[in-house]
Amino acid sequence: MSNPYLEGLASIAPEIVLTVTALAALVFDLVVKGRESVRVGYLSLAGLAATAWFLFGQWGVESHMAYGMVSVDQFGNFFKLFTVAALAVVVLYVMHDRRERTSGVGEYYFLLLGAAIGIFFMVSTNNLLLMVLGFELLSLSSYSLAGFHKGNRKSAEASMKYVIFGGLSTGIMVYGISLLYGLTGTIDLSLMATSPNLVAQVGSNPIPFGIATVLILAGFAYKISLAPFHFWTPDVYEGAPTPVTTFLAVASKAAGFGALLRFLAALFLGQGATALGGYGERVALMLGLLAAITMTLGNFAALRQSSLKRMLAYSSIAHAGYVVVGIACMTREGFSAAMYYLAAYYFMNLGAFGFLVYFEGVTGSDTIDSLKGMGFKAPLISIIMVAFLVSLTGLPPTVGFYGKYLLFVEGVDEGLLWLVMIAALNSVVSLFYYLRVAKALFLEKPAEQDAAPAPVLTGFVTVLGLATVGFGLYVAPLESWATRSLDLIRGVAGS
């Protein structure tokens, strides 16, 4: 006789393993008192490997619910594996960051794992209460990580700004959720979409539903750095330790997109949600306008930055705008293109931040001027960085090129030619500030300062660079993974 409780535990085995790993990392760090924090890093990597093993075990399993709140499906699996892979890279960066070796950083790993637990729940639930709790767990860990260097003024400022903007955005989102609950009597998205009360309300007076939707989308926009909710991003990215910035730019941002995609799919594209499908066109138009503003602001602001970290911050804002091009299509194919671009973003952005971790340790600075002539001192990692810059621009033969190609094709097919043209022009603008880095590395006279070897870090960045080019030439695996992971809107007519 089956036991539903034990079956539920088996369904959330990855979350359980991640939680046990976080607690073990905390206890182990207390025992060694920060003296051997690198061992905590190895423990974290082992826990992430075990988590990935359980996630692969759930690959291909039929979608089902655990405890009526956690959705075990391939969509959630996509973002969980994305998070585990990104977090493993970030842990490696922490372990090999010269600027972090002078002090025990064992707390890093506990906070990073805690943030990952929040991500796991927020991307795999239709229950808005659990989604908000996941948001908050991710946010609280991120606030602490951003201010990890307590004696650094920029780090303290970054953490304070993050807390203020984060608290405001959460309040706005929760208020929107309360309005939806008042209209439907439920906090389950799949039940909201088919609620007779909501359908009748939208048919007679859509304003209350529109206000609730806008407020909730504002909360998501904050997490993924869409304009005008992006103000925190440059200061936080610059002030936070570079490995933390890497985590925020890749894993945290992808998690925000995962929750946003689930929210939109459940309300406007899920089975039985056809009654709200017409209203989804208005939401799509609003998202398209936000995407145009976001990518334009991000790219033009990046042109003026002298700090490589701030430049990558504005670049991440611009790339959030590109991803929203696919989301604004409000189709299965558009969502698939957005997920492919997130996978592409994983390789090129993690690699770019790995380059930054290396050269911050060499030069002690994150300015573009500090890189002048350094390409001759560290040729391998510098050449790989050029590949990342080419991919971020969207030029062949890189994974970033094919990602933008998919987004642009879906945008044109869905009548968003105006948005695709804006995105294409912004890609041209981005070429100018990305190539400034290449120019500083190779077109300035060789630097007098030597670059100390870091074989592990250089090797890992090289692997990411090869993947950036390799998946640009052979796109089938990532494209197939993104397409197969959209089981949450399976069977939607016209999608």
# chains A, B, ... in the order shown; residues from 1 in each chain; ligands from 1
call {"tool": "select_by_dssp", "arguments": {"residues": "range 50-148 of chain A", "states": "alpha helix (DSSP H)", "output": "compact mmCIF listing (two decimals) with N, CA and C atoms, in the first residue's frame"}}
result
# COMPACT_ATOMS: atom_id res chain seq x y z
N ALA A 50 24.86 15.75 -5.82
CA ALA A 50 23.79 14.84 -5.40
C ALA A 50 22.42 15.39 -5.79
N THR A 51 22.25 16.70 -5.64
CA THR A 51 20.98 17.33 -6.06
C THR A 51 20.75 17.14 -7.54
N ALA A 52 21.79 17.34 -8.34
CA ALA A 52 21.66 17.16 -9.79
C ALA A 52 21.31 15.72 -10.13
N TRP A 53 21.88 14.77 -9.38
CA TRP A 53 21.59 13.36 -9.63
C TRP A 53 20.10 13.07 -9.44
N PHE A 54 19.51 13.62 -8.38
CA PHE A 54 18.08 13.42 -8.15
C PHE A 54 17.25 14.14 -9.22
N LEU A 55 17.72 15.30 -9.66
CA LEU A 55 16.99 16.02 -10.71
C LEU A 55 17.00 15.26 -12.02
N PHE A 56 18.14 14.67 -12.36
CA PHE A 56 18.19 13.85 -13.57
C PHE A 56 17.30 12.62 -13.43
N GLY A 57 17.15 12.13 -12.21
CA GLY A 57 16.25 11.01 -11.97
C GLY A 57 14.80 11.37 -12.21
N GLN A 74 8.82 19.05 -15.96
CA GLN A 74 10.08 19.30 -16.68
C GLN A 74 10.41 20.79 -16.76
N PHE A 75 9.41 21.63 -16.68
CA PHE A 75 9.66 23.07 -16.66
C PHE A 75 10.45 23.45 -15.41
N GLY A 76 9.96 23.02 -14.26
CA GLY A 76 10.68 23.29 -13.03
C GLY A 76 12.05 22.64 -13.03
N ASN A 77 12.14 21.43 -13.60
CA ASN A 77 13.40 20.71 -13.68
C ASN A 77 14.44 21.49 -14.48
N PHE A 78 14.00 22.16 -15.55
CA PHE A 78 14.90 22.97 -16.38
C PHE A 78 15.57 24.05 -15.54
N PHE A 79 14.78 24.79 -14.79
CA PHE A 79 15.34 25.90 -14.02
C PHE A 79 16.09 25.43 -12.78
N LYS A 80 15.72 24.27 -12.24
CA LYS A 80 16.47 23.73 -11.11
C LYS A 80 17.86 23.28 -11.55
N LEU A 81 17.93 22.57 -12.67
CA LEU A 81 19.23 22.15 -13.20
C LEU A 81 20.06 23.37 -13.58
N PHE A 82 19.41 24.37 -14.14
CA PHE A 82 20.09 25.63 -14.48
C PHE A 82 20.71 26.24 -13.21
N THR A 83 19.94 26.26 -12.13
CA THR A 83 20.40 26.84 -10.87
C THR A 83 21.56 26.06 -10.29
N VAL A 84 21.44 24.73 -10.29
CA VAL A 84 22.52 23.89 -9.75
C VAL A 84 23.81 24.09 -10.53
N ALA A 85 23.70 24.11 -11.86
CA ALA A 85 24.89 24.29 -12.70
C ALA A 85 25.51 25.67 -12.48
N ALA A 86 24.67 26.70 -12.40
CA ALA A 86 25.19 28.05 -12.17
C ALA A 86 25.82 28.17 -10.79
N LEU A 87 25.19 27.58 -9.80
CA LEU A 87 25.70 27.67 -8.43
C LEU A 87 27.03 26.93 -8.30
N ALA A 88 27.17 25.80 -8.99
CA ALA A 88 28.44 25.07 -8.96
C ALA A 88 29.58 25.95 -9.50
N VAL A 89 29.30 26.68 -10.58
CA VAL A 89 30.30 27.58 -11.14
C VAL A 89 30.63 28.70 -10.15
N VAL A 90 29.60 29.26 -9.52
CA VAL A 90 29.82 30.34 -8.57
C VAL A 90 30.65 29.86 -7.38
N VAL A 91 30.37 28.66 -6.89
CA VAL A 91 31.16 28.10 -5.78
C VAL A 91 32.62 27.96 -6.20
N LEU A 92 32.87 27.50 -7.41
CA LEU A 92 34.24 27.40 -7.91
C LEU A 92 34.90 28.78 -7.98
N TYR A 93 34.13 29.78 -8.38
CA TYR A 93 34.68 31.14 -8.42
C TYR A 93 35.04 31.62 -7.02
N VAL A 94 34.20 31.33 -6.04
CA VAL A 94 34.50 31.73 -4.66
C VAL A 94 35.79 31.06 -4.19
N MET A 95 35.94 29.78 -4.52
CA MET A 95 37.10 29.02 -4.06
C MET A 95 38.40 29.48 -4.72
N GLY A 106 33.23 30.78 4.67
CA GLY A 106 32.35 29.63 4.74
C GLY A 106 30.88 29.98 4.68
N GLU A 107 30.53 31.17 5.22
CA GLU A 107 29.12 31.60 5.19
C GLU A 107 28.61 31.81 3.77
N TYR A 108 29.53 32.10 2.87
CA TYR A 108 29.17 32.24 1.46
C TYR A 108 28.31 31.06 1.00
N TYR A 109 28.82 29.87 1.30
CA TYR A 109 28.22 28.66 0.76
C TYR A 109 26.84 28.41 1.36
N PHE A 110 26.70 28.63 2.64
CA PHE A 110 25.39 28.46 3.26
C PHE A 110 24.36 29.41 2.66
N LEU A 111 24.75 30.66 2.48
CA LEU A 111 23.82 31.65 1.92
C LEU A 111 23.49 31.34 0.46
N LEU A 112 24.49 30.91 -0.31
CA LEU A 112 24.24 30.56 -1.71
C LEU A 112 23.28 29.36 -1.81
N LEU A 113 23.50 28.36 -0.97
CA LEU A 113 22.62 27.19 -0.98
C LEU A 113 21.22 27.55 -0.50
N GLY A 114 21.13 28.46 0.48
CA GLY A 114 19.82 28.92 0.93
C GLY A 114 19.07 29.64 -0.19
N ALA A 115 19.78 30.46 -0.94
CA ALA A 115 19.15 31.14 -2.08
C ALA A 115 18.66 30.13 -3.10
N ALA A 116 19.44 29.07 -3.32
CA ALA A 116 19.04 28.05 -4.29
C ALA A 116 17.78 27.32 -3.85
N ILE A 117 17.63 27.08 -2.55
CA ILE A 117 16.41 26.43 -2.05
C ILE A 117 15.20 27.31 -2.37
N GLY A 118 15.33 28.62 -2.17
CA GLY A 118 14.25 29.53 -2.53
C GLY A 118 13.91 29.46 -4.00
N ILE A 119 14.94 29.41 -4.84
CA ILE A 119 14.72 29.31 -6.29
C ILE A 119 13.97 28.03 -6.64
N PHE A 120 14.36 26.92 -6.02
CA PHE A 120 13.72 25.63 -6.33
C PHE A 120 12.22 25.69 -6.12
N PHE A 121 11.79 26.33 -5.03
CA PHE A 121 10.36 26.36 -4.73
C PHE A 121 9.62 27.39 -5.60
N MET A 122 10.26 28.53 -5.88
CA MET A 122 9.55 29.57 -6.62
C MET A 122 9.33 29.21 -8.08
N LEU A 128 0.69 30.74 -5.19
CA LEU A 128 1.32 32.05 -5.10
C LEU A 128 1.94 32.31 -3.73
N LEU A 129 1.40 31.72 -2.68
CA LEU A 129 1.99 31.88 -1.35
C LEU A 129 3.38 31.24 -1.30
N LEU A 130 3.49 30.01 -1.80
CA LEU A 130 4.79 29.33 -1.81
C LEU A 130 5.76 30.06 -2.74
N MET A 131 5.25 30.61 -3.83
CA MET A 131 6.11 31.36 -4.75
C MET A 131 6.70 32.58 -4.05
N VAL A 132 5.88 33.30 -3.29
CA VAL A 132 6.37 34.48 -2.57
C VAL A 132 7.37 34.07 -1.50
N LEU A 133 7.11 32.96 -0.80
CA LEU A 133 8.05 32.48 0.21
C LEU A 133 9.40 32.13 -0.43
N GLY A 134 9.35 31.52 -1.63
CA GLY A 134 10.58 31.24 -2.35
C GLY A 134 11.32 32.51 -2.73
N PHE A 135 10.55 33.50 -3.20
CA PHE A 135 11.12 34.81 -3.51
C PHE A 135 11.85 35.39 -2.30
N GLU A 136 11.19 35.32 -1.15
CA GLU A 136 11.75 35.93 0.05
C GLU A 136 13.00 35.19 0.54
N LEU A 137 13.00 33.86 0.45
CA LEU A 137 14.18 33.11 0.85
C LEU A 137 15.36 33.46 -0.06
N LEU A 138 15.10 33.56 -1.35
CA LEU A 138 16.14 33.99 -2.29
C LEU A 138 16.59 35.41 -1.98
N SER A 139 15.65 36.29 -1.72
CA SER A 139 15.98 37.70 -1.48
C SER A 139 16.78 37.89 -0.20
N LEU A 140 16.35 37.25 0.89
CA LEU A 140 17.06 37.43 2.16
C LEU A 140 18.51 36.95 2.07
N SER A 141 18.70 35.82 1.39
CA SER A 141 20.07 35.34 1.20
C SER A 141 20.86 36.30 0.33
N SER A 142 20.23 36.84 -0.71
CA SER A 142 20.91 37.76 -1.63
C SER A 142 21.28 39.06 -0.93
N TYR A 143 20.41 39.56 -0.05
CA TYR A 143 20.73 40.79 0.70
C TYR A 143 22.01 40.59 1.51
N SER A 144 22.10 39.44 2.20
CA SER A 144 23.28 39.17 3.02
C SER A 144 24.53 39.00 2.16
N LEU A 145 24.38 38.33 1.03
CA LEU A 145 25.53 38.11 0.15
C LEU A 145 26.03 39.43 -0.44
N ALA A 146 25.09 40.31 -0.81
CA ALA A 146 25.49 41.59 -1.41
C ALA A 146 26.31 42.43 -0.43
call {"tool": "closest_residue", "arguments": {"among": "A:Lys372, A:Lys404, A:Arg262, A:Arg484", "to": "Ala440 in chain A", "atoms": "only C-alpha atoms"}}
result
A:Lys372
call {"tool": "atom_distance", "arguments": {"atom1": "CA of Ala49 in chain A", "atom2": "CA of Phe28 in chain A"}}
result
18.2 Å
call {"tool": "closest_residue", "arguments": {"among": "A:Ala254, A:Leu18, A:Leu287, A:Ala337", "to": "Leu486 in chain A", "atoms": "only C-alpha atoms"}}
result
A:Ala337
call {"tool": "closest_atom_pairs", "arguments": {"of": "range 56-159 of chain A", "to": "range 2-14 of chain A", "cutoff": "7 Å", "atoms": "only C-alpha atoms", "output": "JSON lines"}}
result
{"residue": "A:Ala66", "atom": "CA", "partner": "A:Gly8", "partner_atom": "CA", "distance": 4.9}
{"residue": "A:Tyr67", "atom": "CA", "partner": "A:Gly8", "partner_atom": "CA", "distance": 6.2}
{"residue": "A:Val72", "atom": "CA", "partner": "A:Ser11", "partner_atom": "CA", "distance": 6.8}
call {"tool": "residues_around", "arguments": {"residues": "Val27 in chain A", "least_positions_apart": "2", "cutoff": "12 Å", "atoms": "only C-alpha atoms", "output": "ChimeraX atom specification"}}
result
/A:20-25,29-34,37,40,43,106-107,109-110
call {"tool": "write_last_selection", "arguments": {"atoms": "C-alpha atoms", "output": "CSV table (one decimal), in the first residue's frame"}}
result
chain,number,residue,atom,x,y,z
A,20,VAL,CA,20.7,19.1,4.2
A,21,THR,CA,23.7,20.3,2.3
A,22,ALA,CA,23.1,23.9,3.4
A,23,LEU,CA,22.8,22.9,7.0
A,24,ALA,CA,25.9,20.7,6.8
A,25,ALA,CA,27.9,23.5,5.3
A,29,ASP,CA,32.0,26.0,8.9
A,30,LEU,CA,31.2,26.5,12.6
A,31,VAL,CA,33.4,23.5,13.5
A,32,VAL,CA,36.4,24.5,11.5
A,33,LYS,CA,35.8,28.2,12.5
A,34,GLY,CA,36.5,29.5,8.9
A,37,SER,CA,36.5,27.3,4.3
A,40,VAL,CA,33.0,23.8,2.9
A,43,LEU,CA,31.1,19.9,0.6
A,106,GLY,CA,32.4,29.6,4.7
A,107,GLU,CA,29.1,31.6,5.2
A,109,TYR,CA,28.2,28.7,0.8
A,110,PHE,CA,25.4,28.5,3.3
call {"tool": "closest_atom_pairs", "arguments": {"of": "range 319-373 of chain A", "to": "range 387-401 of chain A", "cutoff": "8 Å", "atoms": "only C-alpha atoms", "output": "Markdown table"}}
result
| residue | atom | partner | partner_atom | distance |
| --- | --- | --- | --- | --- |
| A:Tyr341 | CA | A:Gly400 | CA | 7.2 |
| A:Ala344 | CA | A:Val399 | CA | 5.6 |
| A:Tyr345 | CA | A:Gly400 | CA | 7.1 |
| A:Met348 | CA | A:Phe388 | CA | 5.0 |
| A:Asn349 | CA | A:Phe388 | CA | 7.3 |
| A:Gly351 | CA | A:Phe388 | CA | 6.7 |
| A:Ala352 | CA | A:Phe388 | CA | 6.2 |
call {"tool": "residues_around", "arguments": {"residues": "Ser336 in chain A", "least_positions_apart": "2", "cutoff": "6 Å", "atoms": "only C-alpha atoms", "output": "list in words"}}
result
Glu333, Gly334, Ala338, Met339, Ala482 and Thr483 of chain A
call {"tool": "write_last_selection", "arguments": {"atoms": "N, CA and C atoms", "output": "compact mmCIF listing (two decimals), in the first residue's frame"}}
result
# COMPACT_ATOMS: atom_id res chain seq x y z
N GLU A 333 6.10 28.65 -28.61
CA GLU A 333 7.36 28.82 -29.32
C GLU A 333 8.15 30.01 -28.79
N GLY A 334 7.43 31.09 -28.47
CA GLY A 334 8.10 32.26 -27.91
C GLY A 334 8.72 31.96 -26.56
N ALA A 338 12.70 32.02 -25.42
CA ALA A 338 13.18 32.72 -24.23
C ALA A 338 14.01 31.79 -23.35
N MET A 339 13.56 30.56 -23.19
CA MET A 339 14.29 29.60 -22.36
C MET A 339 15.62 29.21 -23.02
N ALA A 482 15.00 23.00 -24.18
CA ALA A 482 14.07 24.10 -23.92
C ALA A 482 12.66 23.74 -24.36
N THR A 483 12.54 23.10 -25.54
CA THR A 483 11.22 22.76 -26.07
C THR A 483 10.54 21.70 -25.22
call {"tool": "atom_distance", "arguments": {"atom1": "CA of Leu371 in chain A", "atom2": "CA of Phe353 in chain A"}}
result
14.2 Å
call {"tool": "atom_distance", "arguments": {"atom1": "CA of Leu45 in chain A", "atom2": "CA of Leu478 in chain A"}}
result
23.7 Å
call {"tool": "residues_around", "arguments": {"residues": "range 169-182 of chain A", "least_positions_apart": "5", "cutoff": "9 Å", "atoms": "only C-alpha atoms", "output": "number ranges by chain"}}
result
A: 128-129, 132, 135-136, 164, 187-188, 192, 198, 208-209, 211-223, 229
call {"tool": "write_last_selection", "arguments": {"atoms": "C-alpha atoms", "output": "PDB file, in the first residue's frame"}}
result
ATOM      1  CA  LEU A 128       1.322  32.055  -5.099  1.00  0.00           C
ATOM      2  CA  LEU A 129       1.990  31.883  -1.348  1.00  0.00           C
ATOM      3  CA  VAL A 132       6.366  34.478  -2.573  1.00  0.00           C
ATOM      4  CA  PHE A 135      11.122  34.811  -3.509  1.00  0.00           C
ATOM      5  CA  GLU A 136      11.754  35.929   0.051  1.00  0.00           C
ATOM      6  CA  ILE A 164      14.936  48.800   0.321  1.00  0.00           C
ATOM      7  CA  ILE A 187      -4.072  31.423  -4.495  1.00  0.00           C
ATOM      8  CA  ASP A 188      -3.566  28.534  -6.921  1.00  0.00           C
ATOM      9  CA  MET A 192      -7.532  31.154 -10.890  1.00  0.00           C
ATOM     10  CA  LEU A 198     -12.595  35.943 -12.505  1.00  0.00           C
ATOM     11  CA  PRO A 208      -9.444  45.199 -10.965  1.00  0.00           C
ATOM     12  CA  PHE A 209      -7.828  42.203 -12.658  1.00  0.00           C
ATOM     13  CA  ILE A 211      -4.410  46.364 -11.566  1.00  0.00           C
ATOM     14  CA  ALA A 212      -3.630  43.069  -9.818  1.00  0.00           C
ATOM     15  CA  THR A 213      -1.733  41.774 -12.853  1.00  0.00           C
ATOM     16  CA  VAL A 214       0.307  44.977 -13.204  1.00  0.00           C
ATOM     17  CA  LEU A 215       1.274  44.924  -9.520  1.00  0.00           C
ATOM     18  CA  ILE A 216       2.388  41.296  -9.673  1.00  0.00           C
ATOM     19  CA  LEU A 217       4.316  41.889 -12.898  1.00  0.00           C
ATOM     20  CA  ALA A 218       6.043  44.842 -11.200  1.00  0.00           C
ATOM     21  CA  GLY A 219       7.402  42.416  -8.595  1.00  0.00           C
ATOM     22  CA  PHE A 220       8.686  40.114 -11.322  1.00  0.00           C
ATOM     23  CA  ALA A 221      10.154  43.083 -13.214  1.00  0.00           C
ATOM     24  CA  TYR A 222      12.204  44.003 -10.150  1.00  0.00           C
ATOM     25  CA  LYS A 223      13.658  40.499  -9.879  1.00  0.00           C
ATOM     26  CA  PHE A 229      12.493  48.593 -11.818  1.00  0.00           C
TER      27      PHE A 229
END
call {"tool": "residues_around", "arguments": {"residues": "range 148-161 of chain A", "least_positions_apart": "6", "cutoff": "6 Å", "atoms": "only C-alpha atoms", "output": "list in words"}}
result
Asp235, Val236, Gly239 and Ala240 of chain A
call {"tool": "decode", "arguments": {"residues": "range 182-203 of chain A", "atoms": "N, CA and C atoms", "output": "CSV table (one decimal), in the first residue's frame"}}
result
chain,number,residue,atom,x,y,z
A,182,GLY,N,-8.8,38.0,-3.7
A,182,GLY,CA,-10.2,38.6,-3.5
A,182,GLY,C,-11.1,38.3,-4.7
A,183,LEU,N,-10.5,38.3,-5.9
A,183,LEU,CA,-11.4,38.1,-7.1
A,183,LEU,C,-11.7,36.7,-7.3
A,184,THR,N,-10.9,35.8,-6.9
A,184,THR,CA,-11.0,34.3,-7.2
A,184,THR,C,-11.3,33.4,-6.0
A,185,GLY,N,-10.8,33.9,-4.8
A,185,GLY,CA,-11.0,33.0,-3.6
A,185,GLY,C,-10.0,31.9,-3.6
A,186,THR,N,-8.9,32.0,-4.4
A,186,THR,CA,-7.9,30.9,-4.4
A,186,THR,C,-6.5,31.6,-4.6
A,187,ILE,N,-5.4,30.9,-4.2
A,187,ILE,CA,-4.1,31.4,-4.5
A,187,ILE,C,-3.4,30.4,-5.4
A,188,ASP,N,-4.1,29.5,-6.0
A,188,ASP,CA,-3.6,28.5,-6.9
A,188,ASP,C,-3.8,29.1,-8.3
A,189,LEU,N,-2.7,29.2,-9.1
A,189,LEU,CA,-2.8,29.9,-10.4
A,189,LEU,C,-3.7,29.0,-11.4
A,190,SER,N,-3.6,27.7,-11.3
A,190,SER,CA,-4.3,26.9,-12.2
A,190,SER,C,-5.8,27.0,-12.0
A,191,LEU,N,-6.2,27.2,-10.7
A,191,LEU,CA,-7.6,27.4,-10.4
A,191,LEU,C,-8.1,28.8,-10.7
A,192,MET,N,-7.2,29.8,-10.5
A,192,MET,CA,-7.5,31.2,-10.9
A,192,MET,C,-7.9,31.3,-12.3
A,193,ALA,N,-7.2,30.6,-13.2
A,193,ALA,CA,-7.4,30.8,-14.7
A,193,ALA,C,-8.8,30.3,-15.1
A,194,THR,N,-9.3,29.4,-14.3
A,194,THR,CA,-10.7,28.8,-14.7
A,194,THR,C,-11.7,29.3,-13.7
A,195,SER,N,-11.4,30.2,-12.9
A,195,SER,CA,-12.4,30.7,-11.9
A,195,SER,C,-13.6,31.4,-12.6
A,196,PRO,N,-14.8,31.0,-12.3
A,196,PRO,CA,-16.0,31.6,-12.9
A,196,PRO,C,-16.1,33.1,-12.5
A,197,ASN,N,-15.7,33.4,-11.3
A,197,ASN,CA,-15.8,34.8,-10.8
A,197,ASN,C,-14.8,35.6,-11.5
A,198,LEU,N,-13.6,35.1,-11.8
A,198,LEU,CA,-12.6,35.9,-12.5
A,198,LEU,C,-13.0,36.2,-14.0
A,199,VAL,N,-13.5,35.1,-14.6
A,199,VAL,CA,-13.9,35.2,-16.0
A,199,VAL,C,-15.1,36.2,-16.1
A,200,ALA,N,-16.0,36.2,-15.2
A,200,ALA,CA,-17.1,37.1,-15.2
A,200,ALA,C,-16.6,38.6,-14.9
A,201,GLN,N,-15.7,38.7,-14.0
A,201,GLN,CA,-15.1,40.0,-13.7
A,201,GLN,C,-14.4,40.6,-14.9
A,202,VAL,N,-13.6,39.8,-15.5
A,202,VAL,CA,-12.8,40.3,-16.7
A,202,VAL,C,-13.8,40.7,-17.8
A,203,GLY,N,-14.9,39.9,-17.9
A,203,GLY,CA,-15.9,40.2,-19.0
A,203,GLY,C,-16.6,41.5,-18.7
